[in-house]
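Working notes for the structure below.
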Amino acid sequence: MDILLFAFTHDNLGDDLFIKIICERYPHVNFHLPLKIENTNSSFKKIKNLFCSDELFDMYNSIRKESIINNHLKIKTNFALLKYRKVIEKFDASVYIVGSAFIQSAPKKGFSNLILLEKMVKLSKKFFMLNTNFGPYFDDKYLIFSKTIIKKMTDICFRDEYSYNLFKDLNNVRYASDIVLSLKSEKQTNTNNVLVSVMDLSDSYINFIINIVKKLDESDYNCKLVSFCNSQNDDIAIEKIKKFVDVEAILYNGNIDEILDEFQNAKHIIATRFHSMIISFSYNKNVLPIIYSQKTKKVIEDSKFNGDYIELDKLDKYNIEMLINNLNDKASISDEYKNMSEKQFYKLDIFFKEEKYEI
């Protein structure tokens with residue numbers, strides 16, 4: 001069976017984990033990714049049933065560009081669909097596995113991502129969407145347009161209750177926790193490492209992280225900084241921090257297994273990147289989340305996380321020493337919430353079983 005796999009392919013560890021997890025779950029299914037072969041990172045090269053394609057990349061890029069033009073000119077054309085229809089017809093289904101597929105960039109604007117999604121759904125024999133959330137959005141038109149597209153999907157599974165509740169009246173809409181929660185820890189460790197996931201946010205945030213690192217050092221912890229996505233300037237944030245503190249850094253460049261090992265070896269996690277928090281939950285690590293977007297806050301609420309967390313717009317209100325001391329108090333999420341992640345794959349399991357492929 002051949003599946004067209006859509007995903008965010010800009011060397012973001014969280015999104016690359018999605019691809020790794022789905023390919024490993026269905027080893028007898030061939031997944032085809034619209035990514036130039038020359039841009040295939042080291043983790044993707046290890047996956048035997050993942051195939052990157054220049055032709056599919058050109059196809060996706062053409063449809064994306066047409067969608068931007070359609071949005072700008074407020075007209076709909078389907079030249080790219082007609083051009084690539086035969087390419088798509090050879091696939092048994094399409095799967096779109098992505099965290100934030102429905103983001104409106106500005107009020108009364110930003111519909112190009114929906115136009116692109118509409119074209120992708122229209123092209124596919126069956127269309128499954130996994131692990132996404134909805135928003136932020138600014139107006140009802142964006143919500144209504146999204147609903148018309150979702151209706152045409154075979155299945156969509158949101159990863160937060162807020163998003164699910166917006167569309168729960170549709171019978172092809174489901175809810176389950178993030179698929180990365182399905183990760184299993186392969187080892188237990190007693191190191192004194194603290195892993196700090198960073199992003200290039202405000203100056204006040206960078207200063208806050210610098211102060212955290214200094215306080216961790218004073219407390220005899222071995223602190224390490226980790227980037228998840230250099231194309232979104234995580235590496236730049238690390239360089240800003242390293243100007244003021246001498247600290248080890250681990251940059252993501254496709255080295256998924258290495259970074260997952262660092263998470264398993266860590267005693268505590270300071271988590272800015274959304275999936276640094278999710279990985280910490282998966283491995284039952286003491287974690288201090290830093291909320292930079294609504295998706296983080298909604299998962300904290302859904303999971304019934306009972307530990308401390310930091311809100312980006314209130315950095316001056318936190319006592320860093322107290323936060324670090326509280327890390328030693330084991331925080332947790334609901335077991336029911338964690339185990340629910342398997343349900344993301346419920347409809348795909350059924351689809352592949354019907355085709356008599358082993359799961």
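Numbering starts fresh at 1 for the residues of each chain in the structure tokens, the chains themselves are lettered A, B, ... in the order given, and ligands are numbered from 1 as they appear.
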Contacts of Cys23 in chain A at 10 Å (only C-alpha atoms; same-chain gap of 6+ positions) as JSON, numbers by chain: {"A": [5, 17, 29, 30, 31, 44, 47, 48, 49, 50]}
Mind checking which residues fall within 9 Å of range 233-247 of chain A, counting only C-alpha atoms, ignoring those fewer than 2 positions away in the same chain, and posting them as a PyMOL selection string? chain A and resi 197-201+206-207+209-210+213-214+222-231+249+251-252
Take the residues from that selection and put them in a file with N, CA, C and O atoms, as an mmCIF file, in the first residue's frame.
```cif
data_model
loop_
_atom_site.group_PDB
_atom_site.id
_atom_site.type_symbol
_atom_site.label_atom_id
_atom_site.label_comp_id
_atom_site.auth_asym_id
_atom_site.auth_seq_id
_atom_site.Cartn_x
_atom_site.Cartn_y
_atom_site.Cartn_z
ATOM 1 N N SER A 197 14.848 23.364 26.875
ATOM 2 C CA SER A 197 14.425 23.629 25.502
ATOM 3 C C SER A 197 14.153 25.117 25.345
ATOM 4 O O SER A 197 13.407 25.703 26.134
ATOM 5 N N VAL A 198 14.758 25.735 24.312
ATOM 6 C CA VAL A 198 14.638 27.187 24.148
ATOM 7 C C VAL A 198 14.106 27.550 22.778
ATOM 8 O O VAL A 198 14.185 26.770 21.823
ATOM 9 N N MET A 199 13.562 28.777 22.699
ATOM 10 C CA MET A 199 13.116 29.365 21.436
ATOM 11 C C MET A 199 13.611 30.804 21.384
ATOM 12 O O MET A 199 13.995 31.376 22.418
ATOM 13 N N ASP A 200 13.580 31.380 20.195
ATOM 14 C CA ASP A 200 13.997 32.778 20.041
ATOM 15 C C ASP A 200 12.775 33.672 20.227
ATOM 16 O O ASP A 200 12.142 34.094 19.262
ATOM 17 N N LEU A 201 12.468 33.952 21.469
ATOM 18 C CA LEU A 201 11.307 34.766 21.801
ATOM 19 C C LEU A 201 11.767 36.160 22.213
ATOM 20 O O LEU A 201 12.672 36.704 21.615
ATOM 21 N N ILE A 206 14.730 35.553 27.014
ATOM 22 C CA ILE A 206 16.141 35.147 26.958
ATOM 23 C C ILE A 206 16.818 35.433 28.298
ATOM 24 O O ILE A 206 17.568 34.595 28.830
ATOM 25 N N ASN A 207 16.560 36.588 28.873
ATOM 26 C CA ASN A 207 17.140 36.929 30.173
ATOM 27 C C ASN A 207 16.638 35.981 31.261
ATOM 28 O O ASN A 207 17.395 35.613 32.170
ATOM 29 N N ILE A 209 15.758 32.830 30.845
ATOM 30 C CA ILE A 209 16.467 31.554 30.675
ATOM 31 C C ILE A 209 17.905 31.664 31.190
ATOM 32 O O ILE A 209 18.418 30.747 31.847
ATOM 33 N N ILE A 210 18.561 32.775 30.910
ATOM 34 C CA ILE A 210 19.933 32.992 31.415
ATOM 35 C C ILE A 210 19.947 32.888 32.939
ATOM 36 O O ILE A 210 20.812 32.227 33.532
ATOM 37 N N VAL A 213 19.493 29.264 34.047
ATOM 38 C CA VAL A 213 20.723 28.487 33.865
ATOM 39 C C VAL A 213 21.729 28.814 34.971
ATOM 40 O O VAL A 213 22.375 27.929 35.532
ATOM 41 N N LYS A 214 21.860 30.085 35.288
ATOM 42 C CA LYS A 214 22.784 30.487 36.366
ATOM 43 C C LYS A 214 22.375 29.866 37.698
ATOM 44 O O LYS A 214 23.206 29.365 38.457
ATOM 45 N N ASN A 222 23.794 19.909 36.137
ATOM 46 C CA ASN A 222 24.491 19.954 34.854
ATOM 47 C C ASN A 222 23.478 20.368 33.793
ATOM 48 O O ASN A 222 22.640 19.570 33.382
ATOM 49 N N CYS A 223 23.545 21.634 33.399
ATOM 50 C CA CYS A 223 22.531 22.198 32.513
ATOM 51 C C CYS A 223 22.936 22.061 31.038
ATOM 52 O O CYS A 223 24.093 22.287 30.673
ATOM 53 N N LYS A 224 21.950 21.688 30.184
ATOM 54 C CA LYS A 224 22.170 21.604 28.736
ATOM 55 C C LYS A 224 21.018 22.307 28.023
ATOM 56 O O LYS A 224 19.846 22.121 28.378
ATOM 57 N N LEU A 225 21.358 23.088 27.007
ATOM 58 C CA LEU A 225 20.350 23.718 26.162
ATOM 59 C C LEU A 225 20.092 22.820 24.951
ATOM 60 O O LEU A 225 21.002 22.183 24.435
ATOM 61 N N VAL A 226 18.840 22.797 24.488
ATOM 62 C CA VAL A 226 18.519 21.985 23.311
ATOM 63 C C VAL A 226 17.653 22.790 22.347
ATOM 64 O O VAL A 226 16.732 23.494 22.755
ATOM 65 N N SER A 227 17.996 22.717 21.060
ATOM 66 C CA SER A 227 17.173 23.329 20.011
ATOM 67 C C SER A 227 16.301 22.252 19.385
ATOM 68 O O SER A 227 16.704 21.089 19.280
ATOM 69 N N PHE A 228 15.101 22.645 18.967
ATOM 70 C CA PHE A 228 14.199 21.727 18.263
ATOM 71 C C PHE A 228 14.064 22.096 16.790
ATOM 72 O O PHE A 228 13.759 21.241 15.975
ATOM 73 N N CYS A 229 14.249 23.376 16.465
ATOM 74 C CA CYS A 229 14.026 23.802 15.076
ATOM 75 C C CYS A 229 14.894 25.021 14.770
ATOM 76 O O CYS A 229 14.542 26.151 15.116
ATOM 77 N N ASN A 230 16.003 24.799 14.088
ATOM 78 C CA ASN A 230 16.911 25.897 13.772
ATOM 79 C C ASN A 230 16.356 26.818 12.696
ATOM 80 O O ASN A 230 16.722 27.989 12.628
ATOM 81 N N SER A 231 15.452 26.289 11.848
ATOM 82 C CA SER A 231 14.841 27.155 10.839
ATOM 83 C C SER A 231 13.914 28.182 11.489
ATOM 84 O O SER A 231 13.532 29.170 10.864
ATOM 85 N N ALA A 249 25.348 22.864 24.574
ATOM 86 C CA ALA A 249 24.176 22.978 23.699
ATOM 87 C C ALA A 249 24.102 21.791 22.754
ATOM 88 O O ALA A 249 25.122 21.302 22.263
ATOM 89 N N LEU A 251 22.125 20.811 19.258
ATOM 90 C CA LEU A 251 21.317 21.340 18.161
ATOM 91 C C LEU A 251 20.655 20.209 17.396
ATOM 92 O O LEU A 251 21.285 19.193 17.092
ATOM 93 N N TYR A 252 19.370 20.402 17.060
ATOM 94 C CA TYR A 252 18.677 19.377 16.274
ATOM 95 C C TYR A 252 19.022 19.513 14.801
ATOM 96 O O TYR A 252 18.872 20.566 14.212
#
```
Could you pull the residues within 8 Å of Ser332 in chain A, counting only C-alpha atoms, minus those fewer than 5 positions along the same chain, as a list of chain:residue names?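 In the requested format, the answer is A:Phe281, A:Asn284, A:Asn286, A:Phe305, A:Asn306, A:Gly307.
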I'd like the interatomic distance between CA of Ile324 in chain A and CA of Ser276 in chain A, to a tenth of an Å. 17.3 Å
Excluding Tyr337 in chain A and its own-chain neighbours fewer than 5 positions away, which residues fall within 8 Å of it when counting only C-alpha atoms? Please give them as number ranges by chain. A: 177, 302-303
Can you work out which one of A:Leu82, A:Ser202, A:Thr77, A:Leu117 has the shortest atom-to-atom distance to Ala7 in chain A, counting only C-alpha atoms?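 Selected residue with least distance to Ala7 in chain A: A:Leu117.
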For Asp335 in chain A, which residue out of A:Ser163, A:Gln294, A:Asn113, A:Ser182 is the nearest one, using only C-alpha atoms?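 Answer, going by the shortest atom-to-atom distance: A:Ser182.
Residues surrounding Lys125 in chain A within 10 Å are Ile88, Glu89, Lys90, Phe91, Asp92, Ala93, Ser94, Val121, Lys122, Leu123, Phe127, Met153 and Thr154 of chain A [only C-alpha atoms; sequence separation below 2 positions excluded].
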Run DSSP on the backbone and grab whatever in range 207-342 of chain A lands in alpha helix (DSSP H); send it over as a PyMOL selection string. chain A and resi 207-218+234-242+256-265+274-282+294-303+320-326+335-339
Quick one: pull the distance between CA of Tyr60 in chain A and CA of Glu118 in chain A, Å, one decimal.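 Calculated distance between CA of Tyr60 in chain A and CA of Glu118 in chain A is 12.8 Å.
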Residue nearest Ile144 in chain A - candidates A:Tyr175, A:Tyr96, A:Phe128, A:Phe111, atoms counted: only C-alpha atoms: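 Smallest distance to Ile144 in chain A is found for A:Phe111.
Between Leu288 in chain A and the residues A:Leu183, A:Leu315, A:Ile270, A:Ala101, the shortest atom-to-atom distance, using only C-alpha atoms, involves A:Ile270.
Among the candidates A:Lys45, A:Lys338, A:Lys109, A:Lys168, the one nearest to Ile279 in chain A when counting only C-alpha atoms is A:Lys338.
Comparing A:Lys353, A:Leu312, A:Leu4, A:Ile256 by their smallest distance to Lys46 in chain A, the closest is A:Ile256 (using only C-alpha atoms).
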Excluding Phe79 in chain A and any residue of its chain fewer than 6 positions from it, enumerate the residues within 12 Å of it, using only C-alpha atoms, and give them as a ChimeraX atom specification. /A:59,62-67,69-70,85,119
Give me a file of those residues, with N, CA, C and O atoms, as a CSV table (one decimal), in the first residue's frame.
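To be explicit, this is the file written out as again15.csv:
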```
chain,number,residue,atom,x,y,z
A,59,MET,N,5.1,19.0,-6.9
A,59,MET,CA,3.7,19.0,-7.0
A,59,MET,C,3.1,19.9,-5.8
A,59,MET,O,2.3,20.8,-6.0
A,62,SER,N,3.8,23.6,-6.2
A,62,SER,CA,2.9,24.2,-7.2
A,62,SER,C,1.5,24.5,-6.6
A,62,SER,O,1.0,25.5,-6.8
A,63,ILE,N,1.0,23.5,-5.9
A,63,ILE,CA,-0.3,23.6,-5.3
A,63,ILE,C,-0.3,24.7,-4.2
A,63,ILE,O,-1.3,25.5,-4.1
A,64,ARG,N,0.7,24.7,-3.5
A,64,ARG,CA,0.9,25.8,-2.4
A,64,ARG,C,0.9,27.2,-3.0
A,64,ARG,O,0.2,28.1,-2.5
A,65,LYS,N,1.7,27.3,-4.1
A,65,LYS,CA,1.8,28.7,-4.7
A,65,LYS,C,0.5,29.1,-5.3
A,65,LYS,O,0.1,30.2,-5.2
A,66,GLU,N,-0.2,28.1,-5.9
A,66,GLU,CA,-1.5,28.4,-6.5
A,66,GLU,C,-2.5,28.9,-5.4
A,66,GLU,O,-3.3,29.8,-5.6
A,67,SER,N,-2.4,28.2,-4.3
A,67,SER,CA,-3.3,28.5,-3.1
A,67,SER,C,-3.0,30.0,-2.6
A,67,SER,O,-4.0,30.7,-2.3
A,69,ILE,N,-1.9,32.4,-4.5
A,69,ILE,CA,-2.4,33.3,-5.5
A,69,ILE,C,-3.9,33.4,-5.4
A,69,ILE,O,-4.5,34.5,-5.5
A,70,ASN,N,-4.6,32.2,-5.2
A,70,ASN,CA,-6.0,32.2,-5.1
A,70,ASN,C,-6.5,33.1,-3.9
A,70,ASN,O,-7.5,33.8,-4.0
A,85,ARG,N,-3.0,15.4,-11.1
A,85,ARG,CA,-4.0,14.4,-10.8
A,85,ARG,C,-3.6,13.0,-10.9
A,85,ARG,O,-3.8,12.1,-10.1
A,119,LYS,N,-7.5,21.7,-1.5
A,119,LYS,CA,-7.0,21.1,-2.7
A,119,LYS,C,-6.5,19.7,-2.4
A,119,LYS,O,-6.7,18.8,-3.2
```
